[in-house]
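What follows is model-v1.txt (compact mmCIF, N, CA and C atoms).
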```txt
# COMPACT_ATOMS: atom_id res chain seq x y z
N MET A 247 1.07 16.40 -0.83
CA MET A 247 1.60 15.26 -0.13
C MET A 247 3.10 15.17 -0.44
N MET A 248 3.87 14.81 0.54
CA MET A 248 5.32 14.74 0.39
C MET A 248 5.75 13.45 -0.29
N LYS A 249 7.05 13.31 -0.47
CA LYS A 249 7.62 12.09 -1.01
C LYS A 249 7.14 10.91 -0.17
N LEU A 250 6.72 9.85 -0.83
CA LEU A 250 6.14 8.72 -0.13
C LEU A 250 6.84 7.43 -0.57
N PRO A 251 7.90 7.03 0.13
CA PRO A 251 8.61 5.81 -0.27
C PRO A 251 7.77 4.56 0.00
N ILE A 252 8.04 3.54 -0.79
CA ILE A 252 7.41 2.24 -0.59
C ILE A 252 8.51 1.21 -0.35
N LYS A 253 8.13 0.13 0.34
CA LYS A 253 9.12 -0.87 0.73
C LYS A 253 8.41 -2.19 0.97
N ARG A 254 9.07 -3.29 0.63
CA ARG A 254 8.50 -4.60 0.97
C ARG A 254 8.53 -4.74 2.49
N VAL A 255 7.46 -5.26 3.04
CA VAL A 255 7.35 -5.42 4.49
C VAL A 255 8.42 -6.38 5.02
N TYR A 256 8.93 -7.24 4.16
CA TYR A 256 9.95 -8.21 4.56
C TYR A 256 11.36 -7.60 4.59
N ASP A 257 11.55 -6.42 3.98
CA ASP A 257 12.85 -5.77 3.98
C ASP A 257 13.17 -5.25 5.38
N GLU A 258 14.45 -5.07 5.63
CA GLU A 258 14.89 -4.56 6.93
C GLU A 258 14.33 -3.17 7.20
N THR A 259 14.00 -2.91 8.45
CA THR A 259 13.57 -1.57 8.83
C THR A 259 14.78 -0.65 8.84
N ALA A 260 14.53 0.62 8.65
CA ALA A 260 15.60 1.62 8.65
C ALA A 260 15.12 2.83 9.45
N PRO A 261 16.03 3.55 10.09
CA PRO A 261 15.63 4.72 10.87
C PRO A 261 14.85 5.75 10.06
N GLY A 262 15.16 5.87 8.77
CA GLY A 262 14.48 6.86 7.93
C GLY A 262 13.09 6.46 7.47
N ASP A 263 12.65 5.24 7.82
CA ASP A 263 11.33 4.78 7.40
C ASP A 263 10.21 5.62 7.98
N GLY A 264 10.42 6.16 9.16
CA GLY A 264 9.34 6.89 9.82
C GLY A 264 8.22 5.94 10.22
N THR A 265 6.99 6.37 10.07
CA THR A 265 5.84 5.52 10.36
C THR A 265 5.67 4.52 9.24
N ARG A 266 5.72 3.25 9.59
CA ARG A 266 5.61 2.16 8.60
C ARG A 266 4.16 1.72 8.53
N ILE A 267 3.55 1.94 7.36
CA ILE A 267 2.12 1.68 7.19
C ILE A 267 1.91 0.57 6.15
N LEU A 268 1.33 -0.53 6.60
CA LEU A 268 1.00 -1.65 5.71
C LEU A 268 -0.28 -1.32 4.96
N VAL A 269 -0.23 -1.42 3.63
CA VAL A 269 -1.39 -1.08 2.81
C VAL A 269 -1.90 -2.29 2.02
N ASP A 270 -1.74 -3.47 2.60
CA ASP A 270 -2.26 -4.72 2.02
C ASP A 270 -3.53 -5.14 2.73
N ARG A 271 -4.38 -5.85 2.03
CA ARG A 271 -5.64 -6.34 2.60
C ARG A 271 -5.39 -7.48 3.58
N LEU A 272 -4.39 -8.31 3.29
CA LEU A 272 -4.09 -9.47 4.14
C LEU A 272 -2.78 -9.23 4.89
N TRP A 273 -2.73 -9.74 6.12
CA TRP A 273 -1.49 -9.64 6.88
C TRP A 273 -0.47 -10.60 6.27
N PRO A 274 0.76 -10.14 5.99
CA PRO A 274 1.76 -11.00 5.36
C PRO A 274 2.27 -12.09 6.30
N ARG A 275 2.48 -13.26 5.74
CA ARG A 275 2.96 -14.41 6.52
C ARG A 275 4.31 -14.13 7.14
N GLY A 276 4.44 -14.52 8.39
CA GLY A 276 5.72 -14.46 9.07
C GLY A 276 6.16 -13.09 9.53
N VAL A 277 5.33 -12.09 9.39
CA VAL A 277 5.71 -10.73 9.79
C VAL A 277 5.17 -10.44 11.19
N ARG A 278 6.06 -10.05 12.08
CA ARG A 278 5.66 -9.72 13.45
C ARG A 278 4.99 -8.35 13.47
N LYS A 279 4.03 -8.19 14.34
CA LYS A 279 3.26 -6.94 14.44
C LYS A 279 4.14 -5.72 14.70
N GLU A 280 5.22 -5.89 15.44
CA GLU A 280 6.06 -4.74 15.77
C GLU A 280 6.84 -4.19 14.57
N ARG A 281 6.83 -4.88 13.43
CA ARG A 281 7.49 -4.37 12.22
C ARG A 281 6.61 -3.37 11.47
N VAL A 282 5.34 -3.24 11.89
CA VAL A 282 4.37 -2.37 11.23
C VAL A 282 3.77 -1.44 12.28
N ASP A 283 3.75 -0.14 12.00
CA ASP A 283 3.17 0.82 12.94
C ASP A 283 1.67 0.96 12.78
N LEU A 284 1.18 0.83 11.55
CA LEU A 284 -0.24 1.02 11.27
C LEU A 284 -0.62 0.15 10.09
N TRP A 285 -1.77 -0.52 10.20
CA TRP A 285 -2.26 -1.37 9.11
C TRP A 285 -3.54 -0.75 8.58
N LEU A 286 -3.49 -0.27 7.34
CA LEU A 286 -4.66 0.33 6.71
C LEU A 286 -5.20 -0.61 5.63
N LYS A 287 -5.82 -1.70 6.06
CA LYS A 287 -6.29 -2.68 5.09
C LYS A 287 -7.46 -2.15 4.25
N ASP A 288 -8.18 -1.14 4.75
CA ASP A 288 -9.29 -0.60 3.98
C ASP A 288 -8.85 0.27 2.81
N ILE A 289 -7.56 0.59 2.75
CA ILE A 289 -7.03 1.37 1.64
C ILE A 289 -6.53 0.43 0.53
N ALA A 290 -6.45 -0.85 0.83
CA ALA A 290 -5.94 -1.84 -0.13
C ALA A 290 -7.01 -2.19 -1.16
N PRO A 291 -6.58 -2.71 -2.31
CA PRO A 291 -7.55 -3.17 -3.31
C PRO A 291 -8.45 -4.27 -2.73
N SER A 292 -9.67 -4.34 -3.22
CA SER A 292 -10.61 -5.36 -2.76
C SER A 292 -10.07 -6.75 -3.12
N ASP A 293 -10.60 -7.77 -2.45
CA ASP A 293 -10.20 -9.14 -2.77
C ASP A 293 -10.48 -9.47 -4.23
N ALA A 294 -11.64 -9.03 -4.73
CA ALA A 294 -12.00 -9.31 -6.13
C ALA A 294 -10.98 -8.69 -7.08
N LEU A 295 -10.60 -7.46 -6.83
CA LEU A 295 -9.62 -6.79 -7.69
C LEU A 295 -8.25 -7.44 -7.57
N ARG A 296 -7.88 -7.76 -6.37
CA ARG A 296 -6.58 -8.42 -6.13
C ARG A 296 -6.51 -9.75 -6.88
N HIS A 297 -7.57 -10.54 -6.81
CA HIS A 297 -7.59 -11.84 -7.49
C HIS A 297 -7.63 -11.68 -9.01
N ALA A 298 -8.35 -10.69 -9.49
CA ALA A 298 -8.49 -10.49 -10.93
C ALA A 298 -7.17 -10.16 -11.61
N PHE A 299 -6.28 -9.47 -10.93
CA PHE A 299 -5.05 -9.01 -11.55
C PHE A 299 -3.79 -9.68 -11.01
N HIS A 300 -3.93 -10.59 -10.06
CA HIS A 300 -2.75 -11.23 -9.47
C HIS A 300 -1.92 -11.93 -10.54
N GLY A 301 -0.64 -11.59 -10.58
CA GLY A 301 0.28 -12.25 -11.49
C GLY A 301 0.08 -11.91 -12.95
N GLN A 302 -0.56 -10.79 -13.25
CA GLN A 302 -0.79 -10.40 -14.63
C GLN A 302 -0.26 -8.99 -14.88
N PRO A 303 1.05 -8.84 -14.93
CA PRO A 303 1.63 -7.50 -15.09
C PRO A 303 1.20 -6.80 -16.37
N GLN A 304 0.78 -7.55 -17.37
CA GLN A 304 0.34 -6.94 -18.62
C GLN A 304 -0.96 -6.14 -18.43
N HIS A 305 -1.65 -6.34 -17.33
CA HIS A 305 -2.90 -5.61 -17.06
C HIS A 305 -2.71 -4.52 -15.99
N TRP A 306 -1.48 -4.05 -15.82
CA TRP A 306 -1.16 -3.08 -14.78
C TRP A 306 -2.01 -1.81 -14.90
N GLU A 307 -2.14 -1.27 -16.09
CA GLU A 307 -2.90 -0.02 -16.28
C GLU A 307 -4.36 -0.21 -15.89
N ALA A 308 -4.94 -1.34 -16.27
CA ALA A 308 -6.34 -1.62 -15.92
C ALA A 308 -6.49 -1.79 -14.41
N PHE A 309 -5.51 -2.43 -13.78
CA PHE A 309 -5.53 -2.57 -12.33
C PHE A 309 -5.52 -1.20 -11.66
N CYS A 310 -4.61 -0.33 -12.10
CA CYS A 310 -4.50 1.01 -11.50
C CYS A 310 -5.80 1.79 -11.65
N ALA A 311 -6.43 1.69 -12.80
CA ALA A 311 -7.70 2.40 -13.02
C ALA A 311 -8.80 1.86 -12.11
N ALA A 312 -8.89 0.54 -11.99
CA ALA A 312 -9.91 -0.07 -11.13
C ALA A 312 -9.65 0.25 -9.66
N TYR A 313 -8.38 0.24 -9.27
CA TYR A 313 -8.01 0.55 -7.89
C TYR A 313 -8.34 2.01 -7.58
N ALA A 314 -8.06 2.91 -8.51
CA ALA A 314 -8.38 4.33 -8.32
C ALA A 314 -9.88 4.51 -8.08
N ALA A 315 -10.69 3.75 -8.79
CA ALA A 315 -12.15 3.83 -8.59
C ALA A 315 -12.52 3.36 -7.19
N GLU A 316 -11.86 2.31 -6.71
CA GLU A 316 -12.16 1.81 -5.36
C GLU A 316 -11.75 2.81 -4.28
N LEU A 317 -10.74 3.61 -4.55
CA LEU A 317 -10.29 4.58 -3.55
C LEU A 317 -11.34 5.66 -3.27
N GLY A 318 -12.37 5.74 -4.08
CA GLY A 318 -13.45 6.69 -3.85
C GLY A 318 -14.48 6.20 -2.85
N GLY A 319 -14.41 4.94 -2.45
CA GLY A 319 -15.36 4.37 -1.50
C GLY A 319 -15.18 4.94 -0.09
N ALA A 320 -16.23 4.81 0.71
CA ALA A 320 -16.24 5.40 2.06
C ALA A 320 -15.14 4.84 2.96
N SER A 321 -14.96 3.52 2.98
CA SER A 321 -13.94 2.95 3.87
C SER A 321 -12.54 3.32 3.40
N ALA A 322 -12.33 3.36 2.09
CA ALA A 322 -11.02 3.78 1.57
C ALA A 322 -10.76 5.25 1.89
N GLN A 323 -11.78 6.08 1.80
CA GLN A 323 -11.61 7.50 2.11
C GLN A 323 -11.25 7.71 3.58
N ALA A 324 -11.86 6.92 4.46
CA ALA A 324 -11.52 7.01 5.89
C ALA A 324 -10.06 6.62 6.11
N ALA A 325 -9.62 5.55 5.44
CA ALA A 325 -8.22 5.11 5.56
C ALA A 325 -7.28 6.15 4.95
N LEU A 326 -7.68 6.78 3.85
CA LEU A 326 -6.87 7.84 3.25
C LEU A 326 -6.70 9.00 4.21
N ASN A 327 -7.74 9.33 4.94
CA ASN A 327 -7.63 10.40 5.94
C ASN A 327 -6.63 10.05 7.03
N ARG A 328 -6.62 8.80 7.47
CA ARG A 328 -5.64 8.36 8.47
C ARG A 328 -4.22 8.45 7.90
N LEU A 329 -4.08 8.09 6.62
CA LEU A 329 -2.78 8.19 5.97
C LEU A 329 -2.34 9.65 5.86
N ARG A 330 -3.23 10.52 5.47
CA ARG A 330 -2.91 11.95 5.38
C ARG A 330 -2.44 12.49 6.73
N ASN A 331 -3.13 12.11 7.79
CA ASN A 331 -2.75 12.55 9.14
C ASN A 331 -1.36 12.05 9.50
N ALA A 332 -1.05 10.81 9.16
CA ALA A 332 0.27 10.26 9.45
C ALA A 332 1.35 11.02 8.69
N VAL A 333 1.09 11.34 7.42
CA VAL A 333 2.06 12.06 6.60
C VAL A 333 2.31 13.45 7.17
N GLN A 334 1.28 14.08 7.69
CA GLN A 334 1.45 15.41 8.28
C GLN A 334 2.28 15.36 9.56
N SER A 335 2.32 14.21 10.21
CA SER A 335 3.05 14.08 11.47
C SER A 335 4.53 13.75 11.27
N GLY A 336 4.92 13.36 10.07
CA GLY A 336 6.32 13.03 9.84
C GLY A 336 6.49 12.06 8.70
N PRO A 337 7.70 11.52 8.52
CA PRO A 337 7.96 10.59 7.41
C PRO A 337 7.09 9.34 7.50
N VAL A 338 6.70 8.85 6.35
CA VAL A 338 5.88 7.64 6.24
C VAL A 338 6.46 6.75 5.15
N THR A 339 6.47 5.45 5.38
CA THR A 339 6.83 4.47 4.35
C THR A 339 5.64 3.53 4.19
N LEU A 340 5.19 3.37 2.94
CA LEU A 340 4.11 2.44 2.64
C LEU A 340 4.70 1.04 2.46
N LEU A 341 4.12 0.07 3.11
CA LEU A 341 4.61 -1.30 3.07
C LEU A 341 3.67 -2.20 2.28
N TYR A 342 4.24 -3.15 1.55
CA TYR A 342 3.48 -4.12 0.77
C TYR A 342 4.20 -5.46 0.86
N ALA A 343 3.51 -6.55 0.51
CA ALA A 343 4.12 -7.87 0.59
C ALA A 343 4.43 -8.48 -0.77
N ALA A 344 3.90 -7.93 -1.84
CA ALA A 344 4.06 -8.50 -3.19
C ALA A 344 5.53 -8.64 -3.56
N ARG A 345 5.82 -9.60 -4.42
CA ARG A 345 7.19 -9.81 -4.87
C ARG A 345 7.61 -8.80 -5.94
N ASP A 346 6.64 -8.34 -6.72
CA ASP A 346 6.93 -7.39 -7.80
C ASP A 346 7.13 -6.01 -7.20
N GLU A 347 8.36 -5.53 -7.24
CA GLU A 347 8.68 -4.26 -6.60
C GLU A 347 8.25 -3.05 -7.42
N ALA A 348 7.91 -3.24 -8.68
CA ALA A 348 7.50 -2.12 -9.52
C ALA A 348 5.98 -2.02 -9.65
N ARG A 349 5.32 -3.17 -9.70
CA ARG A 349 3.87 -3.19 -9.89
C ARG A 349 3.20 -3.88 -8.71
N ASN A 350 2.82 -3.07 -7.74
CA ASN A 350 2.13 -3.57 -6.55
C ASN A 350 1.17 -2.49 -6.08
N ASN A 351 0.29 -2.84 -5.16
CA ASN A 351 -0.73 -1.87 -4.75
C ASN A 351 -0.14 -0.65 -4.05
N ALA A 352 0.98 -0.79 -3.36
CA ALA A 352 1.59 0.37 -2.70
C ALA A 352 2.11 1.36 -3.75
N ALA A 353 2.69 0.85 -4.84
CA ALA A 353 3.16 1.72 -5.91
C ALA A 353 1.98 2.41 -6.58
N ALA A 354 0.90 1.67 -6.80
CA ALA A 354 -0.30 2.27 -7.42
C ALA A 354 -0.90 3.33 -6.50
N LEU A 355 -0.94 3.05 -5.21
CA LEU A 355 -1.47 4.02 -4.24
C LEU A 355 -0.59 5.27 -4.19
N ARG A 356 0.72 5.09 -4.12
CA ARG A 356 1.63 6.23 -4.08
C ARG A 356 1.45 7.11 -5.33
N ASP A 357 1.39 6.47 -6.50
CA ASP A 357 1.24 7.23 -7.73
C ASP A 357 -0.10 7.97 -7.75
N TRP A 358 -1.16 7.33 -7.27
CA TRP A 358 -2.47 7.97 -7.20
C TRP A 358 -2.43 9.17 -6.26
N LEU A 359 -1.80 8.99 -5.11
CA LEU A 359 -1.71 10.10 -4.14
C LEU A 359 -0.92 11.28 -4.71
N LEU A 360 0.19 10.99 -5.36
CA LEU A 360 1.02 12.06 -5.92
C LEU A 360 0.26 12.80 -7.02
N LEU A 361 -0.53 12.07 -7.79
CA LEU A 361 -1.32 12.68 -8.86
C LEU A 361 -2.46 13.55 -8.31
N HIS A 362 -3.13 13.05 -7.27
CA HIS A 362 -4.33 13.73 -6.76
C HIS A 362 -4.07 14.71 -5.63
N GLU A 363 -2.93 14.57 -4.95
CA GLU A 363 -2.69 15.42 -3.81
C GLU A 363 -1.36 16.15 -3.86
N GLY A 364 -0.60 15.87 -4.93
CA GLY A 364 0.64 16.58 -5.15
C GLY A 364 1.60 16.43 -4.05
```

Would you give me this structure, written as C-alpha cells?
Amino acid sequence: MMKLPIKRVYDETAPGDGTRILVDRLWPRGVRKERVDLWLKDIAPSDALRHAFHGQPQHWEAFCAAYAAELGGASAQAALNRLRNAVQSGPVTLLYAARDEARNNAAALRDWLLLHEG
C-alpha cells in the first residue's frame, strides 16, 4: 500500500488529496456531501469501541489493538477491499472528524494498513 495521508474532514480540500474517503462511523456535523468522495463507515471502529475510548488518549494502545481486531470482521473486510481498490486507482486521503490529530481512527487505520500491507 502506498503513502496514505490523513486529514480532518473540516480542513480545506487540496488538489493533491485525490479520492477523499471518510472513515468515521458517523457523518460529521456541518460537512457537505461533496467534500467527501466515499464514505466507508464499515471500516470505522464500532460504536462500543468509539465510546469506550473517547477522550482517553492514555488508552491509545488498547484502542489500536481493539480496533485491529474489529478490522477482521466481514463488513470491515469488505470496506477494506473498497479502500484497496481506491488506492490502486490513484491518490487517496483518509478523512476523520476527531479533534486529536495524532490519535484518531484514521491514524490507527493508516498505521494498521502500513503494517499489514506495506

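Between Ala308 (chain A) and the residues A:Ala348, A:Ala354, A:Pro337, A:Trp273, the shortest atom-to-atom distance, using only C-alpha atoms, involves A:Ala354.
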
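Each of A:Leu326, A:Leu361, A:Ile252, A:Val338 was compared to Leu286 (chain A) using all atoms listed in the file, and A:Leu326 turns out to be the nearest.
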
Tell me which of A:Gly301, A:Leu341, A:Phe309, A:Arg330 sits closest to Thr259 (chain A), counting only C-alpha atoms.
A:Leu341

Could you give me, as a VMD selection string, the residues within 9 Å of Ala352 (chain A), counting only C-alpha atoms and dropping anything in the same chain fewer than 6 positions from it?
chain A and resid 252 to 253 268 to 270 290 340 to 342

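With distances restricted to only N, CA and C atoms, A:Ile289 is the closest residue to Ala324 (chain A) from A:Ile289, A:Val277, A:Leu272, A:Ile267.
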
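The space between atom C of Glu316 (chain A) and atom C of Asp257 (chain A) spans 27.9 Å.
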
Determine the nearest neighbour of Gln323 (chain A) from the options A:Ala353, A:Glu258, A:Leu360, A:Asp288, counting only N, CA and C atoms.
A:Asp288

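All residues of protein, DNA or RNA that reach within 6 Å of region 291-294 of chain A, judged by all atoms listed in the file and not counting those fewer than 3 positions away in the chain, are A:Arg271, A:His297, A:Ala298, A:Tyr313.
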
Identify, with DSSP run on backbone atoms, the residues in chain A assigned to helix (DSSP H, G or I), and express the list as a PyMOL selection string.
chain A and resi 261-263+279-281+287-289+293-299+303-316+320-335+351-363

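Using only C-alpha atoms, the shortest contact distance between Arg281 (chain A) and any of A:Arg296, A:Gly264, A:Val255, A:Ser321 is found at A:Val255.
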
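One distance worth recording is that between CA of Asp357 (chain A) and CA of Trp306 (chain A), which is 12.7 Å.
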
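Atom to atom, CA of Arg254 (chain A) and atom N of Lys287 (chain A) stand 15.5 Å apart.
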
Using only C-alpha atoms, what residues lie at most 8 Å away from (0.6, 10.7, 4.4) (file coordinates), given as a list in words?
Met247, Met248, Leu250, Arg328, Leu329, Arg330, Asn331, Ala332, Val333, Gln334, Pro337 and Val338 of chain A

Please save N, CA and C atoms of the selected residues as an mmCIF file, keeping the file's coordinate frame.
```
data_model
loop_
_atom_site.group_PDB
_atom_site.id
_atom_site.type_symbol
_atom_site.label_atom_id
_atom_site.label_comp_id
_atom_site.auth_asym_id
_atom_site.auth_seq_id
_atom_site.Cartn_x
_atom_site.Cartn_y
_atom_site.Cartn_z
ATOM 1 N N MET A 247 1.070 16.400 -0.830
ATOM 2 C CA MET A 247 1.600 15.260 -0.130
ATOM 3 C C MET A 247 3.100 15.170 -0.440
ATOM 4 N N MET A 248 3.870 14.810 0.540
ATOM 5 C CA MET A 248 5.320 14.740 0.390
ATOM 6 C C MET A 248 5.750 13.450 -0.290
ATOM 7 N N LEU A 250 6.720 9.850 -0.830
ATOM 8 C CA LEU A 250 6.140 8.720 -0.130
ATOM 9 C C LEU A 250 6.840 7.430 -0.570
ATOM 10 N N ARG A 328 -6.620 8.800 7.470
ATOM 11 C CA ARG A 328 -5.640 8.360 8.470
ATOM 12 C C ARG A 328 -4.220 8.450 7.900
ATOM 13 N N LEU A 329 -4.080 8.090 6.620
ATOM 14 C CA LEU A 329 -2.780 8.190 5.970
ATOM 15 C C LEU A 329 -2.340 9.650 5.860
ATOM 16 N N ARG A 330 -3.230 10.520 5.470
ATOM 17 C CA ARG A 330 -2.910 11.950 5.380
ATOM 18 C C ARG A 330 -2.440 12.490 6.730
ATOM 19 N N ASN A 331 -3.130 12.110 7.790
ATOM 20 C CA ASN A 331 -2.750 12.550 9.140
ATOM 21 C C ASN A 331 -1.360 12.050 9.500
ATOM 22 N N ALA A 332 -1.050 10.810 9.160
ATOM 23 C CA ALA A 332 0.270 10.260 9.450
ATOM 24 C C ALA A 332 1.350 11.020 8.690
ATOM 25 N N VAL A 333 1.090 11.340 7.420
ATOM 26 C CA VAL A 333 2.060 12.060 6.600
ATOM 27 C C VAL A 333 2.310 13.450 7.170
ATOM 28 N N GLN A 334 1.280 14.080 7.690
ATOM 29 C CA GLN A 334 1.450 15.410 8.280
ATOM 30 C C GLN A 334 2.280 15.360 9.560
ATOM 31 N N PRO A 337 7.700 11.520 8.520
ATOM 32 C CA PRO A 337 7.960 10.590 7.410
ATOM 33 C C PRO A 337 7.090 9.340 7.500
ATOM 34 N N VAL A 338 6.700 8.850 6.350
ATOM 35 C CA VAL A 338 5.880 7.640 6.240
ATOM 36 C C VAL A 338 6.460 6.750 5.150
#
```

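Running DSSP on the backbone gives strand (DSSP E or B) for these residues within chain A: Ile252, Lys253, Arg254, Thr265, Arg266, Ile267, Leu268, Leu284, Trp285, Val338, Thr339, Leu340, Leu341 and Tyr342 of chain A.
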
Please produce a file of the residues just selected, as a PDB file, keeping the file's coordinate frame, where the atoms kept are N, CA and C atoms.
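Result file part_12.pdb:
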```pdb
ATOM      1  N   ILE A 252       8.040   3.540  -0.790  1.00  0.00           N
ATOM      2  CA  ILE A 252       7.410   2.240  -0.590  1.00  0.00           C
ATOM      3  C   ILE A 252       8.510   1.210  -0.350  1.00  0.00           C
ATOM      4  N   LYS A 253       8.130   0.130   0.340  1.00  0.00           N
ATOM      5  CA  LYS A 253       9.120  -0.870   0.730  1.00  0.00           C
ATOM      6  C   LYS A 253       8.410  -2.190   0.970  1.00  0.00           C
ATOM      7  N   ARG A 254       9.070  -3.290   0.630  1.00  0.00           N
ATOM      8  CA  ARG A 254       8.500  -4.600   0.970  1.00  0.00           C
ATOM      9  C   ARG A 254       8.530  -4.740   2.490  1.00  0.00           C
ATOM     10  N   THR A 265       6.990   6.370  10.070  1.00  0.00           N
ATOM     11  CA  THR A 265       5.840   5.520  10.360  1.00  0.00           C
ATOM     12  C   THR A 265       5.670   4.520   9.240  1.00  0.00           C
ATOM     13  N   ARG A 266       5.720   3.250   9.590  1.00  0.00           N
ATOM     14  CA  ARG A 266       5.610   2.160   8.600  1.00  0.00           C
ATOM     15  C   ARG A 266       4.160   1.720   8.530  1.00  0.00           C
ATOM     16  N   ILE A 267       3.550   1.940   7.360  1.00  0.00           N
ATOM     17  CA  ILE A 267       2.120   1.680   7.190  1.00  0.00           C
ATOM     18  C   ILE A 267       1.910   0.570   6.150  1.00  0.00           C
ATOM     19  N   LEU A 268       1.330  -0.530   6.600  1.00  0.00           N
ATOM     20  CA  LEU A 268       1.000  -1.650   5.710  1.00  0.00           C
ATOM     21  C   LEU A 268      -0.280  -1.320   4.960  1.00  0.00           C
ATOM     22  N   LEU A 284       1.180   0.830  11.550  1.00  0.00           N
ATOM     23  CA  LEU A 284      -0.240   1.020  11.270  1.00  0.00           C
ATOM     24  C   LEU A 284      -0.620   0.150  10.090  1.00  0.00           C
ATOM     25  N   TRP A 285      -1.770  -0.520  10.200  1.00  0.00           N
ATOM     26  CA  TRP A 285      -2.260  -1.370   9.110  1.00  0.00           C
ATOM     27  C   TRP A 285      -3.540  -0.750   8.580  1.00  0.00           C
ATOM     28  N   VAL A 338       6.700   8.850   6.350  1.00  0.00           N
ATOM     29  CA  VAL A 338       5.880   7.640   6.240  1.00  0.00           C
ATOM     30  C   VAL A 338       6.460   6.750   5.150  1.00  0.00           C
ATOM     31  N   THR A 339       6.470   5.450   5.380  1.00  0.00           N
ATOM     32  CA  THR A 339       6.830   4.470   4.350  1.00  0.00           C
ATOM     33  C   THR A 339       5.640   3.530   4.190  1.00  0.00           C
ATOM     34  N   LEU A 340       5.190   3.370   2.940  1.00  0.00           N
ATOM     35  CA  LEU A 340       4.110   2.440   2.640  1.00  0.00           C
ATOM     36  C   LEU A 340       4.700   1.040   2.460  1.00  0.00           C
ATOM     37  N   LEU A 341       4.120   0.070   3.110  1.00  0.00           N
ATOM     38  CA  LEU A 341       4.610  -1.300   3.070  1.00  0.00           C
ATOM     39  C   LEU A 341       3.670  -2.200   2.280  1.00  0.00           C
ATOM     40  N   TYR A 342       4.240  -3.150   1.550  1.00  0.00           N
ATOM     41  CA  TYR A 342       3.480  -4.120   0.770  1.00  0.00           C
ATOM     42  C   TYR A 342       4.200  -5.460   0.860  1.00  0.00           C
TER      43      TYR A 342
END
```
